[in-house]
$ cat data-v8.txt   # compact mmCIF, C-alpha atoms and all ligand atoms
# COMPACT_ATOMS: atom_id res chain seq x y z
CA MET A 1 90.23 101.59 9.76
CA ALA A 2 88.59 99.87 6.79
CA PHE A 3 88.75 101.78 3.54
CA GLU A 4 84.95 102.08 3.18
CA THR A 5 84.50 103.87 6.53
CA ARG A 6 87.17 106.49 5.87
CA LYS A 7 85.94 110.06 5.68
CA ARG A 8 86.32 111.78 2.33
CA VAL A 9 88.34 115.00 1.91
CA PHE A 10 88.48 117.41 -1.02
CA SER A 11 90.56 120.55 -1.42
CA GLY A 12 92.34 122.48 -4.13
CA ILE A 13 94.71 125.32 -4.96
CA GLN A 14 94.57 127.54 -8.03
CA PRO A 15 97.60 127.64 -10.34
CA SER A 16 97.43 131.43 -10.32
CA GLY A 17 100.99 132.27 -9.23
CA ASN A 18 103.75 131.31 -6.83
CA LEU A 19 102.58 129.42 -3.76
CA HIS A 20 103.43 131.10 -0.48
CA ILE A 21 103.69 130.20 3.17
CA GLY A 22 99.97 131.02 3.69
CA ASN A 23 98.98 128.40 1.11
CA TYR A 24 101.17 125.95 2.99
CA THR A 25 99.92 126.64 6.50
CA GLY A 26 96.31 127.31 5.48
CA ALA A 27 95.99 124.29 3.24
CA LEU A 28 98.86 122.01 2.18
CA ARG A 29 100.32 121.31 5.61
CA ASN A 30 96.94 120.07 6.84
CA TRP A 31 96.42 117.98 3.76
CA VAL A 32 99.71 116.17 4.33
CA ARG A 33 98.69 115.37 7.90
CA GLN A 34 95.53 113.53 6.94
CA GLN A 35 96.54 111.52 3.93
CA ASP A 36 96.66 108.28 5.93
CA GLU A 37 93.44 108.60 7.92
CA ARG A 38 91.11 109.88 5.23
CA ASP A 39 90.27 109.28 1.59
CA CYS A 40 91.79 112.44 0.10
CA PHE A 41 91.25 114.17 -3.23
CA PHE A 42 93.68 117.06 -3.81
CA CYS A 43 93.12 119.05 -6.95
CA ILE A 44 94.92 121.69 -8.99
CA VAL A 45 91.95 123.89 -9.81
CA ASP A 46 92.91 125.33 -13.18
CA LEU A 47 89.31 126.08 -14.20
CA HIS A 48 89.11 128.41 -11.20
CA ALA A 49 92.33 130.16 -12.24
CA ILE A 50 90.84 131.22 -15.62
CA THR A 51 88.01 133.17 -13.96
CA VAL A 52 90.50 136.06 -14.19
CA PRO A 53 92.76 136.54 -17.25
CA GLN A 54 95.80 134.21 -17.43
CA GLU A 55 98.59 134.05 -19.98
CA PRO A 56 98.27 130.53 -21.53
CA ALA A 57 101.98 129.61 -21.37
CA VAL A 58 102.24 130.90 -17.79
CA LEU A 59 99.12 128.97 -16.76
CA ARG A 60 100.43 125.75 -18.32
CA GLN A 61 103.71 126.14 -16.43
CA GLY A 62 101.84 127.10 -13.23
CA ILE A 63 99.80 123.88 -13.26
CA ARG A 64 102.98 121.79 -13.32
CA GLU A 65 104.61 123.95 -10.66
CA VAL A 66 101.68 123.57 -8.26
CA ALA A 67 101.62 119.80 -8.89
CA LEU A 68 105.36 119.53 -8.13
CA LEU A 69 104.88 121.64 -5.01
CA TYR A 70 102.16 119.29 -3.76
CA LEU A 71 104.74 116.51 -3.93
CA ALA A 72 107.57 118.65 -2.54
CA CYS A 73 105.38 119.54 0.47
CA GLY A 74 104.83 115.85 1.22
CA ILE A 75 101.68 114.85 -0.63
CA ASP A 76 102.10 111.20 -1.58
CA PRO A 77 100.32 110.29 -4.81
CA ALA A 78 100.27 106.64 -3.76
CA ARG A 79 98.07 107.49 -0.77
CA VAL A 80 95.86 110.27 -2.15
CA THR A 81 94.17 111.07 -5.45
CA MET A 82 95.81 114.17 -6.84
CA PHE A 83 94.80 115.52 -10.22
CA VAL A 84 94.11 118.54 -12.42
CA GLN A 85 90.50 119.78 -12.36
CA SER A 86 90.20 120.27 -16.14
CA HIS A 87 91.30 116.66 -16.73
CA ARG A 88 87.91 115.55 -15.37
CA PRO A 89 85.04 117.00 -17.42
CA GLU A 90 82.52 116.13 -14.66
CA HIS A 91 83.51 119.28 -12.71
CA ALA A 92 82.25 121.62 -15.42
CA GLN A 93 79.24 119.40 -16.11
CA LEU A 94 78.08 119.36 -12.50
CA CYS A 95 78.85 123.05 -12.21
CA TRP A 96 76.37 123.88 -14.97
CA ILE A 97 73.58 121.95 -13.27
CA LEU A 98 74.36 123.64 -9.94
CA ASP A 99 74.50 127.04 -11.70
CA CYS A 100 70.86 126.43 -12.57
CA VAL A 101 69.77 125.94 -8.94
CA THR A 102 71.89 128.74 -7.41
CA PRO A 103 70.30 132.18 -6.98
CA VAL A 104 72.50 134.96 -8.39
CA GLY A 105 71.95 136.93 -5.16
CA TRP A 106 73.90 134.29 -3.20
CA LEU A 107 76.87 134.78 -5.53
CA GLU A 108 76.80 138.57 -5.54
CA ARG A 109 77.18 138.53 -1.76
CA MET A 110 80.49 136.62 -1.76
CA THR A 111 83.30 138.78 -0.40
CA GLN A 112 85.95 137.24 -2.67
CA TYR A 113 83.77 138.00 -5.70
CA LYS A 114 83.35 141.60 -4.61
CA SER A 115 87.06 142.18 -4.10
CA LYS A 116 88.20 140.32 -7.24
CA ALA A 117 85.51 141.99 -9.38
CA ALA A 118 86.61 145.41 -8.12
CA ALA A 119 90.13 144.69 -9.39
CA GLN A 120 89.02 143.71 -12.93
CA ALA A 121 88.32 146.04 -15.85
CA SER A 122 85.77 143.52 -17.12
CA VAL A 123 84.13 140.92 -14.87
CA SER A 124 83.50 137.50 -16.43
CA ALA A 125 80.40 135.37 -15.76
CA GLY A 126 82.91 132.75 -14.61
CA LEU A 127 84.14 134.98 -11.78
CA LEU A 128 80.58 135.26 -10.45
CA ALA A 129 80.05 131.49 -10.81
CA TYR A 130 83.45 130.69 -9.23
CA PRO A 131 81.97 129.42 -5.93
CA VAL A 132 79.46 127.23 -7.80
CA LEU A 133 82.39 125.49 -9.50
CA GLN A 134 83.97 125.11 -6.07
CA ALA A 135 80.73 123.57 -4.78
CA ALA A 136 80.75 121.21 -7.77
CA ASP A 137 84.33 120.12 -6.91
CA ILE A 138 83.41 119.33 -3.33
CA LEU A 139 80.01 117.74 -3.96
CA LEU A 140 81.17 115.64 -6.92
CA TYR A 141 83.34 113.63 -4.52
CA GLN A 142 80.76 113.66 -1.69
CA ALA A 143 83.45 115.16 0.57
CA ASP A 144 82.88 115.22 4.34
CA TYR A 145 85.70 117.70 5.03
CA VAL A 146 87.25 120.62 3.19
CA PRO A 147 90.59 121.75 4.69
CA VAL A 148 91.23 125.37 3.64
CA GLY A 149 92.35 128.75 4.96
CA GLU A 150 89.98 131.24 6.60
CA ASP A 151 89.28 133.14 3.34
CA GLN A 152 87.51 130.07 1.92
CA ARG A 153 85.07 129.56 4.79
CA GLN A 154 82.33 131.53 3.06
CA HIS A 155 82.69 129.47 -0.13
CA VAL A 156 82.38 126.19 1.76
CA GLU A 157 79.28 127.51 3.52
CA LEU A 158 77.84 128.37 0.12
CA ALA A 159 78.61 124.82 -1.07
CA ARG A 160 76.52 123.59 1.88
CA ASP A 161 73.68 125.93 0.92
CA ILE A 162 73.78 124.71 -2.67
CA ALA A 163 73.85 121.07 -1.55
CA GLY A 164 70.90 121.71 0.79
CA ARG A 165 68.87 123.38 -1.94
CA PHE A 166 69.57 120.59 -4.43
CA ASN A 167 68.69 117.92 -1.85
CA ARG A 168 65.39 119.66 -1.07
CA LEU A 169 64.47 120.07 -4.74
CA PHE A 170 65.51 116.64 -6.00
CA GLY A 171 65.88 114.36 -2.97
CA GLU A 172 68.86 113.50 -0.75
CA THR A 173 71.83 113.47 -3.12
CA PHE A 174 74.83 115.25 -1.65
CA VAL A 175 76.81 114.78 1.58
CA MET A 176 76.98 118.05 3.62
CA PRO A 177 80.65 119.12 3.61
CA GLN A 178 82.32 120.72 6.63
CA VAL A 179 85.02 123.35 6.52
CA GLU A 180 88.25 122.57 8.40
CA LEU A 181 90.51 125.47 9.36
CA PRO A 182 93.97 125.15 10.91
CA ALA A 183 94.33 126.23 14.55
CA VAL A 184 97.31 128.43 13.64
CA GLY A 185 97.99 130.08 10.29
CA ALA A 186 94.44 130.19 8.88
CA ARG A 187 95.09 133.72 7.64
CA ILE A 188 98.68 134.85 7.15
CA LYS A 189 98.95 138.54 6.26
CA GLY A 190 101.04 140.27 3.63
CA LEU A 191 104.43 141.38 5.00
CA ASP A 192 104.13 144.71 3.18
CA ASP A 193 100.59 145.26 4.49
CA PRO A 194 99.56 143.30 7.58
CA THR A 195 95.91 144.31 7.13
CA ALA A 196 95.69 142.28 3.88
CA LYS A 197 95.78 138.51 3.32
CA MET A 198 99.01 137.19 1.82
CA SER A 199 97.94 136.31 -1.71
CA LYS A 200 99.66 134.60 -4.59
CA SER A 201 98.28 136.86 -7.28
CA VAL A 202 99.67 139.89 -5.42
CA ALA A 203 102.95 137.99 -4.82
CA GLY A 204 103.48 137.83 -8.59
CA HIS A 205 103.74 141.56 -9.10
CA LYS A 206 104.79 142.99 -5.75
CA ALA A 207 108.14 142.19 -4.14
CA GLY A 208 108.11 142.21 -0.35
CA HIS A 209 104.51 140.97 -0.08
CA ALA A 210 104.80 137.19 0.31
CA LEU A 211 107.13 134.46 1.54
CA ARG A 212 107.06 132.19 -1.47
CA LEU A 213 107.79 128.49 -0.97
CA LEU A 214 110.51 128.56 -3.64
CA ASP A 215 112.15 131.86 -2.72
CA PRO A 216 115.89 131.49 -2.06
CA PRO A 217 117.10 132.25 1.49
CA ASP A 218 118.40 135.75 0.66
CA VAL A 219 115.02 136.80 -0.77
CA LEU A 220 113.17 135.42 2.27
CA ARG A 221 115.54 137.28 4.60
CA LYS A 222 115.13 140.52 2.68
CA THR A 223 111.32 140.27 2.63
CA ILE A 224 111.18 139.62 6.37
CA GLY A 225 113.73 142.37 7.03
CA ARG A 226 111.47 144.87 5.27
CA ALA A 227 108.23 143.66 6.85
CA VAL A 228 105.93 146.41 8.09
CA THR A 229 105.71 146.40 11.88
CA ASP A 230 104.61 149.38 13.94
CA SER A 231 106.12 152.10 16.05
CA GLY A 232 105.94 150.19 19.36
CA ARG A 233 108.57 147.93 20.91
CA GLU A 234 106.46 145.22 22.48
CA ILE A 235 106.87 141.71 21.03
CA ARG A 236 103.63 139.98 21.91
CA PHE A 237 100.70 138.24 20.19
CA ASN A 238 98.33 141.18 20.15
CA PRO A 239 95.45 141.49 17.65
CA GLU A 240 95.93 145.24 17.63
CA ARG A 241 99.54 144.96 16.52
CA LEU A 242 99.03 143.23 13.22
CA GLY A 243 102.55 143.33 11.78
CA VAL A 244 104.37 141.95 14.82
CA THR A 245 101.64 139.38 15.47
CA ASN A 246 101.90 138.17 11.88
CA LEU A 247 105.66 137.69 12.24
CA LEU A 248 105.19 135.91 15.56
CA THR A 249 102.55 133.64 14.02
CA ILE A 250 104.91 132.74 11.18
CA TYR A 251 107.61 132.01 13.78
CA GLN A 252 105.17 129.85 15.75
CA LEU A 253 104.29 127.88 12.61
CA CYS A 254 107.92 127.25 11.76
CA THR A 255 109.09 126.33 15.28
CA GLY A 256 105.98 124.65 16.74
CA GLN A 257 106.48 126.50 20.06
CA THR A 258 103.67 127.86 22.23
CA GLN A 259 102.78 131.56 22.22
CA ALA A 260 103.93 131.91 25.84
CA ALA A 261 107.35 130.36 25.11
CA ILE A 262 107.80 132.64 22.11
CA GLU A 263 106.84 135.78 24.04
CA SER A 264 109.29 135.01 26.81
CA GLN A 265 112.05 134.22 24.28
CA PHE A 266 111.67 137.67 22.69
CA GLU A 267 111.14 139.63 25.89
CA GLY A 268 113.32 142.72 25.95
CA GLN A 269 114.46 142.27 22.33
CA GLY A 270 113.94 144.73 19.49
CA TYR A 271 112.30 144.23 16.12
CA ALA A 272 115.65 143.66 14.38
CA GLY A 273 116.30 140.60 16.58
CA LEU A 274 112.77 139.34 15.99
CA LYS A 275 113.14 139.63 12.22
CA ARG A 276 116.49 137.86 12.26
CA ALA A 277 115.02 134.96 14.25
CA VAL A 278 111.94 134.74 12.02
CA ALA A 279 114.12 134.73 8.90
CA ASP A 280 116.33 131.92 10.28
CA ALA A 281 113.25 129.87 11.20
CA VAL A 282 111.50 130.38 7.85
CA ILE A 283 114.62 129.56 5.84
CA GLU A 284 115.12 126.28 7.70
CA TYR A 285 111.43 125.45 7.55
CA LEU A 286 111.16 125.91 3.78
CA ARG A 287 114.56 124.44 2.89
CA PRO A 288 113.41 120.79 2.51
CA ILE A 289 110.50 121.87 0.27
CA ARG A 290 112.81 123.79 -2.06
CA GLU A 291 115.33 120.95 -2.16
CA ARG A 292 112.71 118.32 -2.91
CA TYR A 293 111.22 120.59 -5.59
CA SER A 294 114.48 120.84 -7.50
CA GLU A 295 114.94 117.05 -7.36
CA LEU A 296 111.43 116.53 -8.74
CA GLU A 297 111.89 119.17 -11.40
CA ALA A 298 114.73 117.09 -12.83
CA GLU A 299 112.33 114.29 -13.86
CA PRO A 300 109.52 115.97 -15.81
CA GLY A 301 107.87 112.75 -17.03
CA TYR A 302 107.07 111.67 -13.49
CA ILE A 303 104.58 114.41 -12.67
CA ASP A 304 102.70 113.88 -15.93
CA GLU A 305 102.21 110.25 -15.01
CA VAL A 306 101.11 111.11 -11.45
CA LEU A 307 98.48 113.51 -12.82
CA ARG A 308 97.30 111.06 -15.46
CA GLN A 309 96.80 108.34 -12.87
CA GLY A 310 95.12 110.77 -10.46
CA ALA A 311 92.54 111.83 -13.05
CA GLU A 312 91.92 108.18 -13.86
CA ARG A 313 91.34 107.31 -10.19
CA ALA A 314 89.02 110.30 -9.68
CA GLY A 315 86.92 109.23 -12.68
CA PRO A 316 84.63 106.54 -11.24
CA VAL A 317 83.78 108.62 -8.12
CA ALA A 318 82.98 111.71 -10.20
CA ALA A 319 81.01 109.71 -12.75
CA GLU A 320 78.86 108.03 -10.10
CA THR A 321 77.74 111.36 -8.58
CA LEU A 322 77.19 113.00 -11.95
CA GLU A 323 75.08 110.08 -13.14
CA MET A 324 72.88 110.26 -10.04
CA VAL A 325 72.49 114.05 -10.39
CA THR A 326 71.69 113.84 -14.10
CA GLU A 327 69.06 111.22 -13.46
CA ARG A 328 67.43 113.14 -10.59
CA VAL A 329 67.19 116.35 -12.57
CA GLY A 330 65.52 114.51 -15.44
CA LEU A 331 68.24 114.91 -18.03
CA GLY A 332 69.16 112.24 -20.58
P1 LIG A 401 94.91 134.16 -5.34
O1 LIG A 401 95.65 135.37 -4.89
O2 LIG A 401 95.22 133.74 -6.75
O3 LIG A 401 93.44 134.17 -5.02
P2 LIG A 401 95.62 132.72 -2.95
O4 LIG A 401 96.99 133.00 -2.48
O5 LIG A 401 94.48 133.35 -2.24
O6 LIG A 401 95.54 132.96 -4.50
P3 LIG A 401 94.26 130.21 -3.31
O7 LIG A 401 94.57 129.31 -4.47
O8 LIG A 401 93.06 131.08 -3.44
O9 LIG A 401 95.48 131.16 -2.95
O10 LIG A 401 94.18 129.37 -2.00
C1 LIG A 401 94.70 128.07 -1.81
C2 LIG A 401 94.54 127.69 -0.35
O11 LIG A 401 95.42 128.49 0.46
C3 LIG A 401 93.13 127.92 0.22
O12 LIG A 401 92.82 126.89 1.11
C4 LIG A 401 93.26 129.24 0.94
O13 LIG A 401 92.31 129.36 1.97
C5 LIG A 401 94.67 129.13 1.47
N1 LIG A 401 95.25 130.46 1.68
C6 LIG A 401 95.46 131.41 0.73
N2 LIG A 401 96.03 132.51 1.26
C7 LIG A 401 96.19 132.25 2.58
C8 LIG A 401 96.74 132.98 3.68
N3 LIG A 401 97.22 134.19 3.50
N4 LIG A 401 96.76 132.40 4.91
C9 LIG A 401 96.27 131.15 5.08
N5 LIG A 401 95.73 130.42 4.09
C10 LIG A 401 95.70 130.93 2.86
N1 LIG A 402 88.57 128.68 -4.14
C1 LIG A 402 89.62 127.93 -3.51
C2 LIG A 402 90.22 126.86 -4.37
C3 LIG A 402 89.25 125.75 -4.55
C4 LIG A 402 88.84 124.83 -3.56
C5 LIG A 402 87.91 123.96 -4.20
C6 LIG A 402 89.14 124.68 -2.21
C7 LIG A 402 88.59 125.42 -5.70
N2 LIG A 402 87.79 124.33 -5.49
C8 LIG A 402 87.28 122.95 -3.49
C9 LIG A 402 88.50 123.64 -1.51
C10 LIG A 402 87.59 122.81 -2.15
C11 LIG A 402 90.70 128.92 -3.10
O1 LIG A 402 91.48 128.56 -2.29
N3 LIG A 402 90.76 130.06 -3.65
$ encode --input "data-v8.txt" --output "structure tokens"
Amino acid sequence: MAFETRKRVFSGIQPSGNLHIGNYTGALRNWVRQQDERDCFFCIVDLHAITVPQEPAVLRQGIREVALLYLACGIDPARVTMFVQSHRPEHAQLCWILDCVTPVGWLERMTQYKSKAAAQASVSAGLLAYPVLQAADILLYQADYVPVGEDQRQHVELARDIAGRFNRLFGETFVMPQVELPAVGARIKGLDDPTAKMSKSVAGHKAGHALRLLDPPDVLRKTIGRAVTDSGREIRFNPERLGVTNLLTIYQLCTGQTQAAIESQFEGQGYAGLKRAVADAVIEYLRPIRERYSELEAEPGYIDEVLRQGAERAGPVAAETLEMVTERVGLG
């Protein structure tokens, strides 16, 4: 396919803690699969991370860790544009303009805003505007597709609403982005609480919650061993049995088998056998990522150069959209 006809993709992950298997299956794994067919922009969204308080030294380290994990998971900087959001000032510039066309009521309805605001002693204006910045990321690159986990569906829909409103007010400007969810693993649950989404900010302060991509095998085994199941015995994909279904889903992701094959494999077995098998599968599945990460960690200069080049490549695309938007609004 000729370069010009390739569809554009944008997605990002916040450097807000240790990446976990949900970030991999919900996002990264699907990014890796499309880096040849599409024109991909994969971002480390540090401006999103500061919508809740972050320790500066931890944030700085987190940005590098996420960048290294992109590579360790198979993102190839020669085939995609990967960069740090704050290295391109156009994100914040477009965000401000979009802030001025977005009704506050749209933002107050966002479920992520409501749950994150409830957990903060003081809610920043940035936390409310978070999805506008996300819309700016996507629209700046005129992305056709946004591969994310289920929790981000509402934000991508909002980005479409914002694009539609801008286009109506100022003339056709933005491409309408589409959300792309994985068929399996769009919402992995916490192992300590299978009613809640596995989340990296929770993973940072609660052992037993997440399967982190860099956890050593003994920690993974322990976390899975302690996973909350239920009082039954049945090992089946059943939406009413959240804990067991979550473990089975993780097993399915790691082994690539069908649900039917997995159910027949575990027929007649107890939860201890299930957990042992899930732990073996997860350990093998994550091993290459952890190994590649430690190789990459040994050459710190490399990632800086990858990120510098990524920001440079993103520049002309971002500048072109921002220039058009600025002109249409009547600024400058
Ligand atoms: P935080 O707790 O800081 O909000 P997070 O773990 O929710 O972090 P994000 O940076 O918000 O992670 O998300 C990065 C990507 O991973 C998004 O595409 C998101 O949809 C996806 N994702 C996050 N958690 C899960 C999950 N439990 N299952 C599947 N996908 C997930
Ligand atoms: N809010 C997203 C991260 C994010 C993003 C984006 C995802 C910021 N900008 C643009 C897709 C496209 C999250 O996963 N919490």
$ closest_residue --input "data-v8.txt" --among "A:Thr51, A:Asn30, A:Gln142, A:Gln152" --to "Val317 of chain A" --atoms "only C-alpha atoms"
A:Gln142
$ residues_near_ligand --input "data-v8.txt" --ligand "ligand LIG 402 (chain A)" --cutoff "7 Å" --atoms "only C-alpha atoms and all ligand atoms" --output "list in words"
Phe10, Ser11, Gly12, Ile13, Gln14, Val45, His48, Pro131, Leu133, Gln134, Ala135, Asp137, Ile138, Val146, Pro147, Val148 and Gln152 of chain A
$ residues_around --input "data-v8.txt" --residues "Ala125 of chain A" --least-positions-apart "4" --cutoff "12 Å" --atoms "all atoms listed in the file" --output "number ranges by chain"
A: 50-52, 99, 104, 107-108, 113, 117, 129-133
$ write_last_selection --input "data-v8.txt" --atoms "C-alpha atoms" --output "PDB file, in the frame of the given file"
ATOM      1  CA  ILE A  50      90.840 131.220 -15.620  1.00  0.00           C
ATOM      2  CA  THR A  51      88.010 133.170 -13.960  1.00  0.00           C
ATOM      3  CA  VAL A  52      90.500 136.060 -14.190  1.00  0.00           C
ATOM      4  CA  ASP A  99      74.500 127.040 -11.700  1.00  0.00           C
ATOM      5  CA  VAL A 104      72.500 134.960  -8.390  1.00  0.00           C
ATOM      6  CA  LEU A 107      76.870 134.780  -5.530  1.00  0.00           C
ATOM      7  CA  GLU A 108      76.800 138.570  -5.540  1.00  0.00           C
ATOM      8  CA  TYR A 113      83.770 138.000  -5.700  1.00  0.00           C
ATOM      9  CA  ALA A 117      85.510 141.990  -9.380  1.00  0.00           C
ATOM     10  CA  ALA A 129      80.050 131.490 -10.810  1.00  0.00           C
ATOM     11  CA  TYR A 130      83.450 130.690  -9.230  1.00  0.00           C
ATOM     12  CA  PRO A 131      81.970 129.420  -5.930  1.00  0.00           C
ATOM     13  CA  VAL A 132      79.460 127.230  -7.800  1.00  0.00           C
ATOM     14  CA  LEU A 133      82.390 125.490  -9.500  1.00  0.00           C
TER      15      LEU A 133
END
$ residues_around --input "data-v8.txt" --residues "Glu320 of chain A" --least-positions-apart "6" --cutoff "12 Å" --atoms "only C-alpha atoms" --output "list in words"
Glu90, Leu94, Leu139, Leu140, Tyr141, Gln142, Thr173, Phe174, Ala314, Thr326 and Glu327 of chain A
$ closest_residue --input "data-v8.txt" --among "A:Ala92, A:Leu68, A:Ala261, A:Ala318" --to "Glu299 of chain A" --atoms "all atoms listed in the file"
A:Leu68
$ closest_atom_pairs --input "data-v8.txt" --of "chain A" --to "ligand LIG 401 (chain A)" --cutoff "10 Å" --atoms "only C-alpha atoms and all ligand atoms" --output "tab-separated table"
residue	atom	partner	partner_atom	distance
A:Ser11	CA	A:LIG401	O12	7.2
A:Gly12	CA	A:LIG401	C1	6.5
A:Ile13	CA	A:LIG401	O7	4.0
A:Gln14	CA	A:LIG401	O7	4.0
A:Pro15	CA	A:LIG401	O7	6.8
A:Ser16	CA	A:LIG401	O2	4.8
A:Gly17	CA	A:LIG401	O2	6.5
A:Asn18	CA	A:LIG401	O4	8.2
A:Leu19	CA	A:LIG401	O4	6.8
A:His20	CA	A:LIG401	O4	7.0
A:Ile21	CA	A:LIG401	N4	7.5
A:Gly22	CA	A:LIG401	N4	3.7
A:Asn23	CA	A:LIG401	O11	3.6
A:Tyr24	CA	A:LIG401	O11	6.8
A:Thr25	CA	A:LIG401	C9	6.0
A:Gly26	CA	A:LIG401	N5	3.5
A:Ala27	CA	A:LIG401	O12	4.6
A:Leu28	CA	A:LIG401	O11	7.5
A:Asn30	CA	A:LIG401	O12	9.8
A:Trp31	CA	A:LIG401	O12	10.0
A:Ile44	CA	A:LIG401	O7	8.9
A:Val45	CA	A:LIG401	O7	8.0
A:Asp46	CA	A:LIG401	O7	9.7
A:His48	CA	A:LIG401	O7	8.7
A:Ala49	CA	A:LIG401	O2	7.2
A:Val52	CA	A:LIG401	O2	9.1
A:Val66	CA	A:LIG401	O7	9.9
A:Gln112	CA	A:LIG401	O3	8.4
A:Lys116	CA	A:LIG401	O3	8.4
A:Val146	CA	A:LIG401	O12	8.6
A:Pro147	CA	A:LIG401	O12	6.6
A:Val148	CA	A:LIG401	O12	3.4
A:Gly149	CA	A:LIG401	O13	3.1
A:Glu150	CA	A:LIG401	O13	5.5
A:Asp151	CA	A:LIG401	O13	5.0
A:Gln152	CA	A:LIG401	O13	4.9
A:Arg153	CA	A:LIG401	O13	7.8
A:His155	CA	A:LIG401	O13	9.8
A:Glu180	CA	A:LIG401	O12	9.6
A:Leu181	CA	A:LIG401	O13	8.5
A:Pro182	CA	A:LIG401	C9	8.7
A:Val184	CA	A:LIG401	C9	9.0
A:Gly185	CA	A:LIG401	C9	5.6
A:Ala186	CA	A:LIG401	C9	4.3
A:Arg187	CA	A:LIG401	N4	3.5
A:Ile188	CA	A:LIG401	N4	3.8
A:Lys189	CA	A:LIG401	N3	5.4
A:Gly190	CA	A:LIG401	N3	7.2
A:Ala196	CA	A:LIG401	N3	8.2
A:Lys197	CA	A:LIG401	N3	4.6
A:Met198	CA	A:LIG401	N3	3.9
A:Ser199	CA	A:LIG401	O4	3.5
A:Lys200	CA	A:LIG401	O4	3.8
A:Ser201	CA	A:LIG401	O1	3.9
A:Val202	CA	A:LIG401	O1	6.1
A:Ala203	CA	A:LIG401	O1	7.8
A:Gly204	CA	A:LIG401	O1	9.0
A:Ala210	CA	A:LIG401	N3	8.8
$ closest_residue --input "data-v8.txt" --among "A:Val329, A:Ala319, A:Leu296, A:Val282" --to "Arg64 of chain A" --atoms "only C-alpha atoms"
A:Leu296
$ closest_atom_pairs --input "data-v8.txt" --of "segment 40-102 of chain A" --to "segment 288-294 of chain A" --cutoff "8 Å" --atoms "only C-alpha atoms" --output "Markdown table"
| residue | atom | partner | partner_atom | distance |
| --- | --- | --- | --- | --- |
| A:Leu68 | CA | A:Tyr293 | CA | 6.5 |
| A:Leu69 | CA | A:Tyr293 | CA | 6.5 |
| A:Leu71 | CA | A:Tyr293 | CA | 7.8 |
| A:Ala72 | CA | A:Tyr293 | CA | 5.1 |
| A:Cys73 | CA | A:Ile289 | CA | 5.6 |
$ closest_residue --input "data-v8.txt" --among "A:Arg241, A:Arg8, A:Arg168, A:Arg233" --to "Pro194 of chain A" --atoms "all atoms listed in the file"
A:Arg241
